[in-house]
Each structure stands twice: as structure tokens, then as C-alpha cells.
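Engineer: Take this structure first; my questions come after.
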Amino acid sequence: MVKIQNIAVLTSGGDAPGMNAAIRAVVRAAIYHNIGAFGVRDGFNGLIDARLDQLSYEDVSNILQRGGTILGTARSERFKVQSEREKVYAILKERKIDALIGIGGDGTFKGLSTFSKEFDFPVIGIPGTIDNDIHGTDYSIGFDTALNTIVEAVDKIRDTASSHHRVFIVE
């Protein structure tokens with residue numbers, strides 16, 4: 001087993017509340033264990049285009065309250081092409097990155113799995129989707145916040161309907 005000296009973290013697909021907290025946790029844990037942490041800009045497209053920046057403790061300070069993801073995110077048709085994944089593997093090797101962590105949903109996990117199998121490259125997937133549709137997880141990052149936001153909105157609509165002595169239909 002190879003000692004991990006540098007990792008890269010990316011967010012992919014739709015953003016979800018809590019992604020910044022996950023990025024922060026990954027980076028700070030890596031730094032604590034003397035592992036270099038790189039952030040990938042705009043998901044798998046950022047990997048293909050070699051948009052990786054080393055992240056420090058300060059880079060992930062004061063991001064917990066921010067929505068979205070500080071790294072940016074995108075869905076990537078390009079990563080589905082094997083020659084693009086080969087390019088990514090070469091970039092990661094050139095940058096001496098030993099493992100990849102992806103935060104996202106089903107598409108992110110499929111991309112990570114394919115890449116890992118093709119190149120025998122260590123990956124970790126952190127479920128981050130408001131859909132909560134990742135097999136084998138009880139709750140994904142973002143699901144609880146999304147659900148509570150919906151409940152709050154429906155409660156407010158109910159209050160307004162009651163004030164006007166009306167019935168509102170939420171579709």
C-alpha cells in the first residue's frame with residue numbers, strides 16, 4: 001500500500017448545503033496528518049483542465065456559513081470519455097496526487113468508480129445531494145437542510161392561507 005502524501009478534493013454535480021463543511025473537514029484533516037490538500041475547481045471539468053490549487057488552513061476558514069461550494073461544481077460530459085480520464089490520470093501523477101475525494105451525488109460516484117477501476121487509483125466518495133439517493137447511506141450532506149427548508153416554506157404558506165381564510169395547493 002502506497003503512503004498518501006497528497007490528495008485532491010472536488011465537488012461535482014448539483015451543489016448541496018454542507019459541501020463547504022465537507023471540504024473544510026477534508027482539508028483540515030489532511031493538514032493535521034501532514035498530507036497536502038488540493039482543491040479542484042469546477043468538478044471533473046477542473047480535473048481535465050488541471051485547475052487544482054493547494055489549499056491551506058486559511059483557505060477553508062470562514063466557509064461553513066456559505067452556501068454552494070467554494071470550489072465550484074459542474075456536471076461533466078467530458079469525463080465520460082476515456083481519453084479525458086487518461087489525461088486526468090496523467091495530471092494527477094504529474095502533480096504527485098495520490099488519492100481523490102469527490103463530494104456529490106450519483107454521477108460523481110459513477111465517475112469516481114470508473115476512474116478508480118480503470119487506473120487502480122484510490123478514491124473516496126462523500127455523499128452530497130439534496131435528493132438523498134445514494135445507495136447505502138441514510139442521509140447525504142444537504143438532504144436535511146433541503147428538507148427543513150421545504151417544511152419551513154410550506155409552514156409559511158399555511159400561515160398565509162389561514163390568515164386569508166383560504167386553502168392553498170402546493171405542487
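Starting from 1 in every chain, residues are counted up; chains themselves are A, B, ... following the order of the C-alpha cells, and ligands are numbered from 1 as listed.
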I'd like the contact shell of Gly142 in chain A - 10 Å cut-off, only C-alpha atoms, skipping same-chain residues fewer than 3 positions apart - returned as a short mmCIF file (atom, residue, chain, number, x, y, z; two decimals) with N, CA, C and O atoms, in the first residue's frame.
Structural biologist:
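Final output, saved to result_26.cif:
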```
data_model
loop_
_atom_site.label_atom_id
_atom_site.label_comp_id
_atom_site.auth_asym_id
_atom_site.auth_seq_id
_atom_site.Cartn_x
_atom_site.Cartn_y
_atom_site.Cartn_z
N ASP A 15 -24.99 21.48 -6.36
CA ASP A 15 -24.44 21.81 -5.04
C ASP A 15 -25.46 21.44 -3.97
O ASP A 15 -26.65 21.29 -4.25
N ALA A 16 -24.98 21.28 -2.76
CA ALA A 16 -25.84 20.92 -1.64
C ALA A 16 -25.32 21.60 -0.39
O ALA A 16 -24.10 21.75 -0.22
N PRO A 17 -26.23 22.04 0.48
CA PRO A 17 -25.79 22.63 1.74
C PRO A 17 -24.89 21.65 2.49
O PRO A 17 -25.17 20.46 2.54
N GLY A 18 -23.80 22.14 3.01
CA GLY A 18 -22.87 21.29 3.76
C GLY A 18 -21.65 20.88 2.97
O GLY A 18 -20.71 20.31 3.53
N MET A 19 -21.62 21.17 1.67
CA MET A 19 -20.44 20.81 0.88
C MET A 19 -19.21 21.55 1.38
O MET A 19 -18.13 20.96 1.45
N GLY A 104 -20.46 14.62 -3.86
CA GLY A 104 -21.54 14.79 -4.83
C GLY A 104 -22.52 13.64 -4.78
O GLY A 104 -22.58 12.88 -3.81
N PRO A 127 -21.17 11.39 0.08
CA PRO A 127 -22.50 11.69 -0.46
C PRO A 127 -22.92 13.13 -0.15
O PRO A 127 -23.03 13.51 1.00
N GLY A 128 -23.13 13.91 -1.19
CA GLY A 128 -23.58 15.29 -1.05
C GLY A 128 -24.65 15.58 -2.08
O GLY A 128 -24.34 15.96 -3.20
N THR A 129 -25.90 15.34 -1.72
CA THR A 129 -27.01 15.55 -2.65
C THR A 129 -28.29 15.78 -1.86
O THR A 129 -28.56 15.07 -0.89
N ILE A 130 -29.06 16.77 -2.29
CA ILE A 130 -30.33 17.04 -1.59
C ILE A 130 -31.35 15.95 -1.88
O ILE A 130 -32.34 15.83 -1.18
N ASP A 131 -31.09 15.12 -2.89
CA ASP A 131 -32.02 14.04 -3.26
C ASP A 131 -31.96 12.85 -2.30
O ASP A 131 -32.87 12.04 -2.28
N ASN A 132 -30.86 12.72 -1.55
CA ASN A 132 -30.66 11.60 -0.63
C ASN A 132 -30.84 10.25 -1.33
O ASN A 132 -31.45 9.33 -0.81
N TYR A 139 -28.43 9.36 5.26
CA TYR A 139 -28.60 10.77 4.95
C TYR A 139 -27.36 11.27 4.23
O TYR A 139 -26.24 11.04 4.67
N THR A 145 -31.00 19.77 5.38
CA THR A 145 -31.20 21.20 5.19
C THR A 145 -32.26 21.46 4.14
O THR A 145 -33.15 22.31 4.32
N ALA A 146 -32.20 20.74 3.03
CA ALA A 146 -33.19 20.91 1.96
C ALA A 146 -34.59 20.56 2.47
O ALA A 146 -35.56 21.29 2.21
N LEU A 147 -34.69 19.46 3.19
CA LEU A 147 -35.98 19.04 3.72
C LEU A 147 -36.55 20.08 4.70
O LEU A 147 -37.72 20.45 4.62
#
```
Engineer: Fewer than 5 positions away in the same chain doesn't count, so skip those; otherwise give me all residues within 7 Å of Glu84 in chain A, counting only C-alpha atoms, as a PyMOL selection string.
Structural biologist: chain A and resi 48+78-79
Engineer: Can those selected residues be exported to a file as a PDB file, in the first residue's frame so that it contains N, CA, C and O atoms?
Structural biologist:
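Heads up, here's the output in selection-v4.pdb:
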```
ATOM      1  N   ILE A  48      -9.864  17.762 -15.677  1.00  0.00           N
ATOM      2  CA  ILE A  48      -9.442  17.645 -17.071  1.00  0.00           C
ATOM      3  C   ILE A  48      -8.593  18.849 -17.484  1.00  0.00           C
ATOM      4  O   ILE A  48      -7.608  18.711 -18.213  1.00  0.00           O
ATOM      5  N   ARG A  78     -17.493  15.514 -20.505  1.00  0.00           N
ATOM      6  CA  ARG A  78     -16.117  15.250 -20.949  1.00  0.00           C
ATOM      7  C   ARG A  78     -15.486  14.102 -20.167  1.00  0.00           C
ATOM      8  O   ARG A  78     -14.709  13.322 -20.723  1.00  0.00           O
ATOM      9  N   PHE A  79     -15.799  13.997 -18.859  1.00  0.00           N
ATOM     10  CA  PHE A  79     -15.170  12.964 -18.033  1.00  0.00           C
ATOM     11  C   PHE A  79     -15.652  11.561 -18.418  1.00  0.00           C
ATOM     12  O   PHE A  79     -15.028  10.572 -18.063  1.00  0.00           O
TER      13      PHE A  79
END
```
Engineer: Leaving out range 21-29 of chain A and any residue of its chain fewer than 6 positions from it, which residues lie within 10 Å of it when counting only C-alpha atoms, given as a PyMOL selection string?
Structural biologist: chain A and resi 7-11+35-39+54-67+69-71+101-103+126-128+141
Engineer: DSSP says helix (DSSP H, G or I) for which residues of range 96-146 of chain A? Put them as a PyMOL selection string?
Structural biologist: chain A and resi 106-119+143-146
Engineer: Include all heavy atoms and write out the residues we just selected as a compact mmCIF listing (two decimals), in the first residue's frame.
Structural biologist:
```txt
# COMPACT_ATOMS: atom_id res chain seq x y z
N ASP A 106 -24.97 10.77 -7.42
CA ASP A 106 -24.84 9.54 -8.19
C ASP A 106 -23.83 9.67 -9.33
O ASP A 106 -22.99 8.80 -9.54
CB ASP A 106 -26.21 9.13 -8.73
CG ASP A 106 -26.21 7.76 -9.35
OD1 ASP A 106 -25.74 6.81 -8.69
OD2 ASP A 106 -26.66 7.63 -10.50
N GLY A 107 -23.90 10.76 -10.08
CA GLY A 107 -22.97 10.96 -11.20
C GLY A 107 -21.53 11.06 -10.73
O GLY A 107 -20.62 10.52 -11.37
N THR A 108 -21.33 11.75 -9.61
CA THR A 108 -19.99 11.87 -9.03
C THR A 108 -19.45 10.50 -8.65
O THR A 108 -18.31 10.16 -8.96
CB THR A 108 -20.03 12.78 -7.78
OG1 THR A 108 -20.60 14.03 -8.15
CG2 THR A 108 -18.65 12.97 -7.19
N PHE A 109 -20.30 9.71 -8.01
CA PHE A 109 -19.87 8.38 -7.58
C PHE A 109 -19.56 7.47 -8.77
O PHE A 109 -18.60 6.71 -8.74
CB PHE A 109 -20.94 7.75 -6.68
CG PHE A 109 -20.86 8.22 -5.25
CD1 PHE A 109 -20.68 9.55 -4.93
CD2 PHE A 109 -20.98 7.31 -4.22
CE1 PHE A 109 -20.60 9.98 -3.62
CE2 PHE A 109 -20.90 7.73 -2.90
CZ PHE A 109 -20.72 9.06 -2.60
N LYS A 110 -20.37 7.57 -9.82
CA LYS A 110 -20.11 6.76 -11.02
C LYS A 110 -18.77 7.16 -11.65
O LYS A 110 -17.99 6.29 -12.05
CB LYS A 110 -21.24 6.93 -12.03
CG LYS A 110 -22.50 6.19 -11.65
CD LYS A 110 -23.60 6.40 -12.67
CE LYS A 110 -24.88 5.72 -12.20
NZ LYS A 110 -26.02 6.04 -13.07
N GLY A 111 -18.52 8.46 -11.74
CA GLY A 111 -17.26 8.94 -12.30
C GLY A 111 -16.07 8.49 -11.49
O GLY A 111 -15.06 8.02 -12.03
N LEU A 112 -16.17 8.61 -10.16
CA LEU A 112 -15.08 8.17 -9.27
C LEU A 112 -14.84 6.68 -9.39
O LEU A 112 -13.69 6.22 -9.45
CB LEU A 112 -15.40 8.52 -7.81
CG LEU A 112 -15.40 9.99 -7.42
CD1 LEU A 112 -15.94 10.15 -5.99
CD2 LEU A 112 -14.01 10.58 -7.54
N SER A 113 -15.92 5.91 -9.43
CA SER A 113 -15.80 4.46 -9.50
C SER A 113 -15.13 4.03 -10.81
O SER A 113 -14.22 3.19 -10.81
CB SER A 113 -17.19 3.82 -9.38
OG SER A 113 -17.10 2.43 -9.52
N THR A 114 -15.57 4.61 -11.91
CA THR A 114 -14.98 4.27 -13.21
C THR A 114 -13.49 4.60 -13.22
O THR A 114 -12.67 3.79 -13.63
CB THR A 114 -15.70 5.05 -14.34
OG1 THR A 114 -17.08 4.66 -14.35
CG2 THR A 114 -15.07 4.77 -15.69
N PHE A 115 -13.16 5.80 -12.74
CA PHE A 115 -11.76 6.23 -12.72
C PHE A 115 -10.91 5.31 -11.84
O PHE A 115 -9.81 4.90 -12.23
CB PHE A 115 -11.67 7.67 -12.22
CG PHE A 115 -10.30 8.26 -12.29
CD1 PHE A 115 -9.78 8.67 -13.51
CD2 PHE A 115 -9.52 8.40 -11.16
CE1 PHE A 115 -8.50 9.21 -13.59
CE2 PHE A 115 -8.25 8.93 -11.22
CZ PHE A 115 -7.73 9.34 -12.44
N SER A 116 -11.43 4.96 -10.68
CA SER A 116 -10.70 4.10 -9.75
C SER A 116 -10.43 2.72 -10.36
O SER A 116 -9.32 2.20 -10.25
CB SER A 116 -11.48 3.95 -8.45
OG SER A 116 -10.81 3.09 -7.57
N LYS A 117 -11.44 2.17 -11.01
CA LYS A 117 -11.29 0.84 -11.62
C LYS A 117 -10.31 0.86 -12.79
O LYS A 117 -9.50 -0.04 -12.94
CB LYS A 117 -12.64 0.31 -12.08
CG LYS A 117 -13.55 -0.09 -10.94
CD LYS A 117 -14.92 -0.49 -11.43
CE LYS A 117 -15.84 -0.76 -10.26
NZ LYS A 117 -17.24 -0.94 -10.67
N GLU A 118 -10.38 1.91 -13.61
CA GLU A 118 -9.51 1.98 -14.79
C GLU A 118 -8.04 2.14 -14.44
O GLU A 118 -7.18 1.58 -15.10
CB GLU A 118 -9.93 3.16 -15.67
CG GLU A 118 -11.15 2.90 -16.50
CD GLU A 118 -11.53 4.08 -17.37
OE1 GLU A 118 -11.00 5.20 -17.17
OE2 GLU A 118 -12.37 3.88 -18.27
N PHE A 119 -7.76 2.90 -13.39
CA PHE A 119 -6.37 3.25 -13.10
C PHE A 119 -5.89 2.75 -11.74
O PHE A 119 -4.79 3.10 -11.33
CB PHE A 119 -6.18 4.78 -13.19
CG PHE A 119 -6.54 5.32 -14.54
CD1 PHE A 119 -7.76 5.94 -14.75
CD2 PHE A 119 -5.67 5.18 -15.61
CE1 PHE A 119 -8.10 6.42 -16.00
CE2 PHE A 119 -6.00 5.66 -16.86
CZ PHE A 119 -7.23 6.28 -17.06
N PHE A 143 -29.27 16.92 2.45
CA PHE A 143 -30.65 16.43 2.47
C PHE A 143 -31.47 17.04 3.61
O PHE A 143 -32.56 17.55 3.40
CB PHE A 143 -30.67 14.90 2.56
CG PHE A 143 -32.04 14.33 2.79
CD1 PHE A 143 -32.97 14.36 1.76
CD2 PHE A 143 -32.40 13.77 4.00
CE1 PHE A 143 -34.25 13.84 1.96
CE2 PHE A 143 -33.66 13.26 4.20
CZ PHE A 143 -34.59 13.29 3.18
N ASP A 144 -30.93 17.01 4.82
CA ASP A 144 -31.67 17.51 5.97
C ASP A 144 -31.97 19.00 5.83
O ASP A 144 -33.08 19.46 6.11
CB ASP A 144 -30.89 17.24 7.27
CG ASP A 144 -31.69 17.62 8.50
OD1 ASP A 144 -32.73 16.99 8.76
OD2 ASP A 144 -31.28 18.60 9.18
N THR A 145 -31.00 19.77 5.38
CA THR A 145 -31.20 21.20 5.19
C THR A 145 -32.26 21.46 4.14
O THR A 145 -33.15 22.31 4.32
CB THR A 145 -29.88 21.89 4.79
OG1 THR A 145 -28.90 21.63 5.78
CG2 THR A 145 -30.05 23.39 4.62
N ALA A 146 -32.20 20.74 3.03
CA ALA A 146 -33.19 20.91 1.96
C ALA A 146 -34.59 20.56 2.47
O ALA A 146 -35.56 21.29 2.21
CB ALA A 146 -32.82 20.06 0.76
```
Engineer: To one decimal place, how far is CA of Ala99 in chain A from CA of Val123 in chain A in Å?
Structural biologist: 5.7 Å
Engineer: Using only C-alpha atoms, which residues sit within 10 Å of range 148-159 of chain A once same-chain residues fewer than 6 positions away are excluded, as a PyMOL selection string?
Structural biologist: chain A and resi 165-170
Engineer: From the options A:Asp138, A:Asp42, A:Asp120, A:Asp133, which residue's atoms come nearest to Thr73 in chain A, counting only C-alpha atoms?
Structural biologist: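 Comparing A:Asp138, A:Asp42, A:Asp120, A:Asp133 against Thr73 in chain A, the winner is A:Asp42.
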Engineer: Pick out each residue of chain A that DSSP on the backbone tags as strand (DSSP E or B); I need them as number ranges by chain.
Structural biologist: A: 6-11, 36-40, 52-54, 99-104, 123-128, 141
Engineer: Please produce an output containing N, CA and C atoms for each residue in the selection, written as a compact mmCIF listing (two decimals), in the first residue's frame.
Structural biologist:
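Saved to again22.txt:
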```
# COMPACT_ATOMS: atom_id res chain seq x y z
N ASN A 6 -0.41 13.38 -0.94
CA ASN A 6 -1.22 14.48 -1.44
C ASN A 6 -2.57 13.96 -1.89
N ILE A 7 -3.62 14.72 -1.58
CA ILE A 7 -4.96 14.37 -2.02
C ILE A 7 -5.56 15.55 -2.77
N ALA A 8 -6.56 15.26 -3.59
CA ALA A 8 -7.33 16.30 -4.26
C ALA A 8 -8.79 16.10 -3.90
N VAL A 9 -9.50 17.20 -3.67
CA VAL A 9 -10.92 17.14 -3.35
C VAL A 9 -11.69 17.96 -4.38
N LEU A 10 -12.82 17.42 -4.81
CA LEU A 10 -13.67 18.12 -5.76
C LEU A 10 -15.13 17.98 -5.36
N THR A 11 -15.93 18.93 -5.83
CA THR A 11 -17.38 18.83 -5.70
C THR A 11 -17.92 18.74 -7.12
N GLY A 36 -0.70 16.88 1.85
CA GLY A 36 -1.05 18.05 1.04
C GLY A 36 -2.46 17.93 0.52
N ALA A 37 -3.21 19.03 0.55
CA ALA A 37 -4.60 19.04 0.09
C ALA A 37 -4.75 20.01 -1.08
N PHE A 38 -5.31 19.51 -2.17
CA PHE A 38 -5.54 20.33 -3.36
C PHE A 38 -7.03 20.40 -3.64
N GLY A 39 -7.51 21.57 -3.96
CA GLY A 39 -8.90 21.75 -4.35
C GLY A 39 -8.99 21.80 -5.86
N VAL A 40 -9.97 21.09 -6.39
CA VAL A 40 -10.20 21.05 -7.83
C VAL A 40 -11.34 22.01 -8.15
N LEU A 52 -6.20 22.88 -10.36
CA LEU A 52 -6.02 22.43 -8.99
C LEU A 52 -5.17 23.45 -8.24
N ASP A 53 -5.59 23.78 -7.04
CA ASP A 53 -4.84 24.71 -6.20
C ASP A 53 -4.60 24.07 -4.84
N GLN A 54 -3.39 24.21 -4.33
CA GLN A 54 -3.13 23.70 -2.99
C GLN A 54 -3.91 24.56 -2.00
N ALA A 99 -4.51 10.39 -4.18
CA ALA A 99 -5.88 9.96 -3.95
C ALA A 99 -6.83 11.11 -4.28
N LEU A 100 -8.07 10.75 -4.57
CA LEU A 100 -9.07 11.72 -4.99
C LEU A 100 -10.31 11.56 -4.12
N ILE A 101 -10.84 12.67 -3.63
CA ILE A 101 -12.06 12.67 -2.84
C ILE A 101 -13.10 13.49 -3.59
N GLY A 102 -14.26 12.89 -3.85
CA GLY A 102 -15.34 13.57 -4.54
C GLY A 102 -16.54 13.72 -3.64
N ILE A 103 -17.11 14.91 -3.63
CA ILE A 103 -18.32 15.18 -2.86
C ILE A 103 -19.43 15.44 -3.87
N GLY A 104 -20.46 14.62 -3.86
CA GLY A 104 -21.54 14.79 -4.83
C GLY A 104 -22.52 13.64 -4.78
N VAL A 123 -9.92 6.35 -4.40
CA VAL A 123 -10.93 7.40 -4.35
C VAL A 123 -11.81 7.21 -3.13
N ILE A 124 -12.38 8.32 -2.68
CA ILE A 124 -13.40 8.30 -1.63
C ILE A 124 -14.55 9.15 -2.12
N GLY A 125 -15.75 8.66 -1.96
CA GLY A 125 -16.94 9.43 -2.31
C GLY A 125 -17.67 9.85 -1.04
N ILE A 126 -17.95 11.14 -0.93
CA ILE A 126 -18.73 11.66 0.19
C ILE A 126 -20.09 12.05 -0.37
N PRO A 127 -21.17 11.39 0.08
CA PRO A 127 -22.50 11.69 -0.46
C PRO A 127 -22.92 13.13 -0.15
N GLY A 128 -23.13 13.91 -1.19
CA GLY A 128 -23.58 15.29 -1.05
C GLY A 128 -24.65 15.58 -2.08
N ILE A 141 -25.14 14.62 2.70
CA ILE A 141 -24.93 16.03 3.01
C ILE A 141 -25.92 16.84 2.18
```
Engineer: So that I can check the surroundings of Lys87 in chain A, please list as number ranges by chain every protein, DNA and RNA residue that reaches within 9 Å of it, counting only C-alpha atoms and ignoring chain neighbours fewer than 5 positions away.
Structural biologist: A: 47-48, 82, 92
Engineer: So what do you get for CA of Gly46 in chain A versus CA of Glu86 in chain A, distance-wise?
Structural biologist: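 If I compute the distance from CA of Gly46 in chain A to CA of Glu86 in chain A, I get 14.2 Å.
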Engineer: What is the distance between CA of Glu77 in chain A and CA of Pro122 in chain A, in Å to one decimal?
Structural biologist: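 Distance between the two atoms: 22.0 Å.
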Engineer: Would you please work out which residue, of A:Ile4, A:Gly13, A:Asn45, A:Gly105, is nearest to Ala30 in chain A when using only C-alpha atoms?
Structural biologist: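 Distance minimum relative to Ala30 in chain A lands on A:Ile4.
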